[in-house]
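Okay, so here's the structure we're looking at.
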Amino acid sequence: MDTKRKFFLECYKLGIVKFGRFTLKSGIESPFYVDLRPLASDPKILKDLANYLLDMLPLDNFDLICGVPYAALPMATAMSLESYIPLIMKRKEAKTHGTKKLIEGIFSKGQNCLLVEDVITSGKSLLETIPEIENEGISVSDIVVVLDRQQGGREMLESKGYHVHTLFTISEVCEILQEEGLLMSEDVERINDFLRGNVVQFKEEKRISYEEKLKICEHSVAQKLLKIAIEKKSNLIVSADVTTTAELLNLVELVGPHIVALKTHIDIISDFDADKTILPLKDLASKYNFLLMEDRKFADIGNTQELQFSMGVFKISNWADLVTAQVIAGYDSLDCFRNVGVVAILSMSSTGTLTDMEYREQAVNIAVSHPNVFGGVAQNKIPNELLLFTPGVNLADSGDGKGQQYNTPEYVFKKLETDFIIVGRGIYKSDDVEKAALNYKIAGWNAYENSL
């Protein structure tokens, strides 16, 4: 503790904390101001700071380090040099030329990243940074902060499931300075009064319920799906990636009572026949009250998509309640999907995906504005007027052993605010398909209710 105290006093000499009357970015007047950027100009202090931060952490948990731009970048760099943990860099905004990357460096999907911040107040900058990192398939479970202003940011982040490690708090700093005779007692009291009266009240935006979604999701298919979910207490969609009609119909008999929709890839059915495949499938959908979702991922110009949708062997327009479609061909390409609902592919999770931030933003704009679109597939939260579908959910995938949960029902409902989970092999490859479907139905519904 004495060493840590001595270290802070060395940092203080660089003018990192000032006391007086300061107007913050929020417009609030504060009796103190924190600026840790001068620390980067003293190599010894920066090196020592890196080691103090690293000493607080379970380093085996992290594959990458990233500093929140810009003040934390030199700190993260020093921590990377001291720990040999690779560094990635996040830009404040993506380049408009070259690769247009927002995250620079060498990384792989599924790696866990330690986020470094200099000062935490409301936590807003971290909440903006974390999704941009997670959109690249990198997980964030821990945040390390040099100084906590004690204005609600740490508590808010911890309530969302992140582990926040802080080297100093402003109260601790004031106590050290007062004991050293560098801060008067009346100044300390003024700071304490400020902290008591100006804790940032971050309005918690909780996910909205299916009943509330019914009021804002106007598409008829969205309405049907939400009503089925409420009636069956299920948000489960099973992906029927089987290759014969017999397998398909047998699977539906087992999972039908537990699902809100069946996701098909109808073109992989080797013995497809409209009368023998589709008619009994529609009967089962009526019997067990679920919708048919053809995961065609249409991705062509409007005229071609209309032919693919309504003509050919499969005649998808005759039986599907909803279809998936890319938005790469633009707004008008979605006009052909009449009498069904469209789930737009807004982003993909595969390594090397080209669905960067610019693409995702434009895709969401199209999805929100097009009357045929009622939902989206994405790896992040989307506007409330759209329903979010999340594939790849698996009860067995509890995490990577580094504190981060991946695609469990709890993760997708709490972090992504998903509306419907899509499960494939976790069910149809199970030894007991019916039991697996029931387990996923219960787990998905419990995770939804717990996220409200």
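FYI, nothing fancy with the structure tokens labels: chains A, B, ... in order, residues from 1 per chain, ligands from 1 as they appear.
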Extract the full set of strand (DSSP E or B) residues from region 144-257 of chain A according to DSSP on the backbone, and format it as a list in words.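 Filtering region 144-257 of chain A to strand (DSSP E or B) leaves Val144, Val145, Val146, Leu147, Asp148, His163, Val164, His165, Thr166, Leu167, Phe168, Thr169, Leu236, Ile237, Val238, Ser239 and Ala240 of chain A.
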Extract the full set of helix (DSSP H, G or I) residues from region 124-241 of chain A according to DSSP on the backbone, and format it as number ranges by chain. A: 124-134, 153-159, 170-179, 185-197, 210-216, 220-232
Contact residues around Glu104 (chain A) with only C-alpha atoms at 7 Å, ignoring same-chain residues under 2 positions, as a PyMOL selection string: chain A and resi 88-90+101-102
Please save N, CA and C atoms of the selected residues as a CSV table (one decimal), in the first residue's frame.
```csv
chain,number,residue,atom,x,y,z
A,88,ILE,N,-4.3,-4.7,-29.6
A,88,ILE,CA,-5.1,-4.3,-30.7
A,88,ILE,C,-5.5,-2.8,-30.5
A,89,MET,N,-5.8,-2.1,-31.5
A,89,MET,CA,-6.1,-0.7,-31.4
A,89,MET,C,-7.5,-0.4,-32.0
A,90,LYS,N,-8.3,0.3,-31.2
A,90,LYS,CA,-9.6,0.7,-31.7
A,90,LYS,C,-9.5,2.2,-32.1
A,101,LYS,N,-11.1,-0.2,-41.5
A,101,LYS,CA,-11.2,-1.0,-40.3
A,101,LYS,C,-11.4,-0.1,-39.1
A,102,LEU,N,-12.2,-0.5,-38.1
A,102,LEU,CA,-12.3,0.2,-36.8
A,102,LEU,C,-11.4,-0.4,-35.8
```
Taking 5 positions as the minimum chain separation for residues in the same chain, which residues sit within 6 Å of Val423 (chain A) when counting only C-alpha atoms? Answer as a ChimeraX atom specification. /A:238-239,393
Please, could you write that set of residues out with N, CA and C atoms as a PDB file, in the first residue's frame?
```
ATOM      1  N   VAL A 238     -36.145 -23.940 -34.202  1.00  0.00           N
ATOM      2  CA  VAL A 238     -35.249 -25.058 -34.496  1.00  0.00           C
ATOM      3  C   VAL A 238     -34.837 -25.000 -35.960  1.00  0.00           C
ATOM      4  N   SER A 239     -33.550 -25.150 -36.198  1.00  0.00           N
ATOM      5  CA  SER A 239     -33.017 -25.199 -37.554  1.00  0.00           C
ATOM      6  C   SER A 239     -33.000 -26.650 -38.018  1.00  0.00           C
ATOM      7  N   VAL A 393     -27.043 -20.679 -30.913  1.00  0.00           N
ATOM      8  CA  VAL A 393     -27.192 -20.771 -29.458  1.00  0.00           C
ATOM      9  C   VAL A 393     -27.033 -22.226 -29.035  1.00  0.00           C
TER      10      VAL A 393
END
```
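Residue nearest Leu167 (chain A), chosen from A:Ile228, A:Val119, A:Leu14, A:Ile130 and counting only C-alpha atoms: A:Val119.
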Taking only C-alpha atoms into account, produce a table as JSON lines in which each residue of region 97-207 of chain A with an atom at most 7 Å from an atom of region 62-70 of chain A appears once, together with its shortest atom pair and the distance in Å to one decimal, ordered by chain and rising number.
```
{"residue": "A:Gln111", "atom": "CA", "partner": "A:Asp63", "partner_atom": "CA", "distance": 5.8}
{"residue": "A:Asn112", "atom": "CA", "partner": "A:Phe62", "partner_atom": "CA", "distance": 5.3}
{"residue": "A:Cys113", "atom": "CA", "partner": "A:Leu64", "partner_atom": "CA", "distance": 4.5}
{"residue": "A:Leu114", "atom": "CA", "partner": "A:Ile65", "partner_atom": "CA", "distance": 4.8}
{"residue": "A:Leu115", "atom": "CA", "partner": "A:Cys66", "partner_atom": "CA", "distance": 5.1}
{"residue": "A:Val116", "atom": "CA", "partner": "A:Gly67", "partner_atom": "CA", "distance": 4.5}
{"residue": "A:Glu117", "atom": "CA", "partner": "A:Val68", "partner_atom": "CA", "distance": 5.5}
```
Write the selection just made, keeping N, CA, C and O atoms, as a CSV table (one decimal), in the first residue's frame?
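Result file follows (result17.csv):
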```csv
chain,number,residue,atom,x,y,z
A,111,GLN,N,-11.4,-14.6,-29.3
A,111,GLN,CA,-10.4,-14.3,-28.3
A,111,GLN,C,-11.1,-13.3,-27.2
A,111,GLN,O,-12.0,-12.6,-27.5
A,112,ASN,N,-10.5,-13.3,-26.0
A,112,ASN,CA,-11.0,-12.4,-25.0
A,112,ASN,C,-10.0,-11.2,-24.8
A,112,ASN,O,-8.8,-11.4,-24.7
A,113,CYS,N,-10.6,-10.0,-24.8
A,113,CYS,CA,-9.8,-8.8,-24.7
A,113,CYS,C,-10.0,-8.1,-23.4
A,113,CYS,O,-11.1,-7.9,-22.9
A,114,LEU,N,-8.9,-7.7,-22.8
A,114,LEU,CA,-8.9,-6.8,-21.7
A,114,LEU,C,-9.0,-5.3,-22.2
A,114,LEU,O,-8.2,-4.9,-23.0
A,115,LEU,N,-10.0,-4.6,-21.7
A,115,LEU,CA,-10.2,-3.2,-22.1
A,115,LEU,C,-9.5,-2.3,-21.0
A,115,LEU,O,-9.7,-2.5,-19.8
A,116,VAL,N,-8.8,-1.3,-21.5
A,116,VAL,CA,-8.0,-0.4,-20.6
A,116,VAL,C,-8.6,1.0,-20.7
A,116,VAL,O,-8.8,1.5,-21.9
A,117,GLU,N,-9.0,1.6,-19.6
A,117,GLU,CA,-9.5,3.0,-19.6
A,117,GLU,C,-8.7,3.8,-18.6
A,117,GLU,O,-8.3,3.3,-17.5
```
Enter the distance from CA of Tyr359 (chain A) to CA of Ser333 (chain A), in Å, rounded to one decimal.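 CA of Ser333 (chain A) lies at a distance of 16.2 Å from CA of Tyr359 (chain A).
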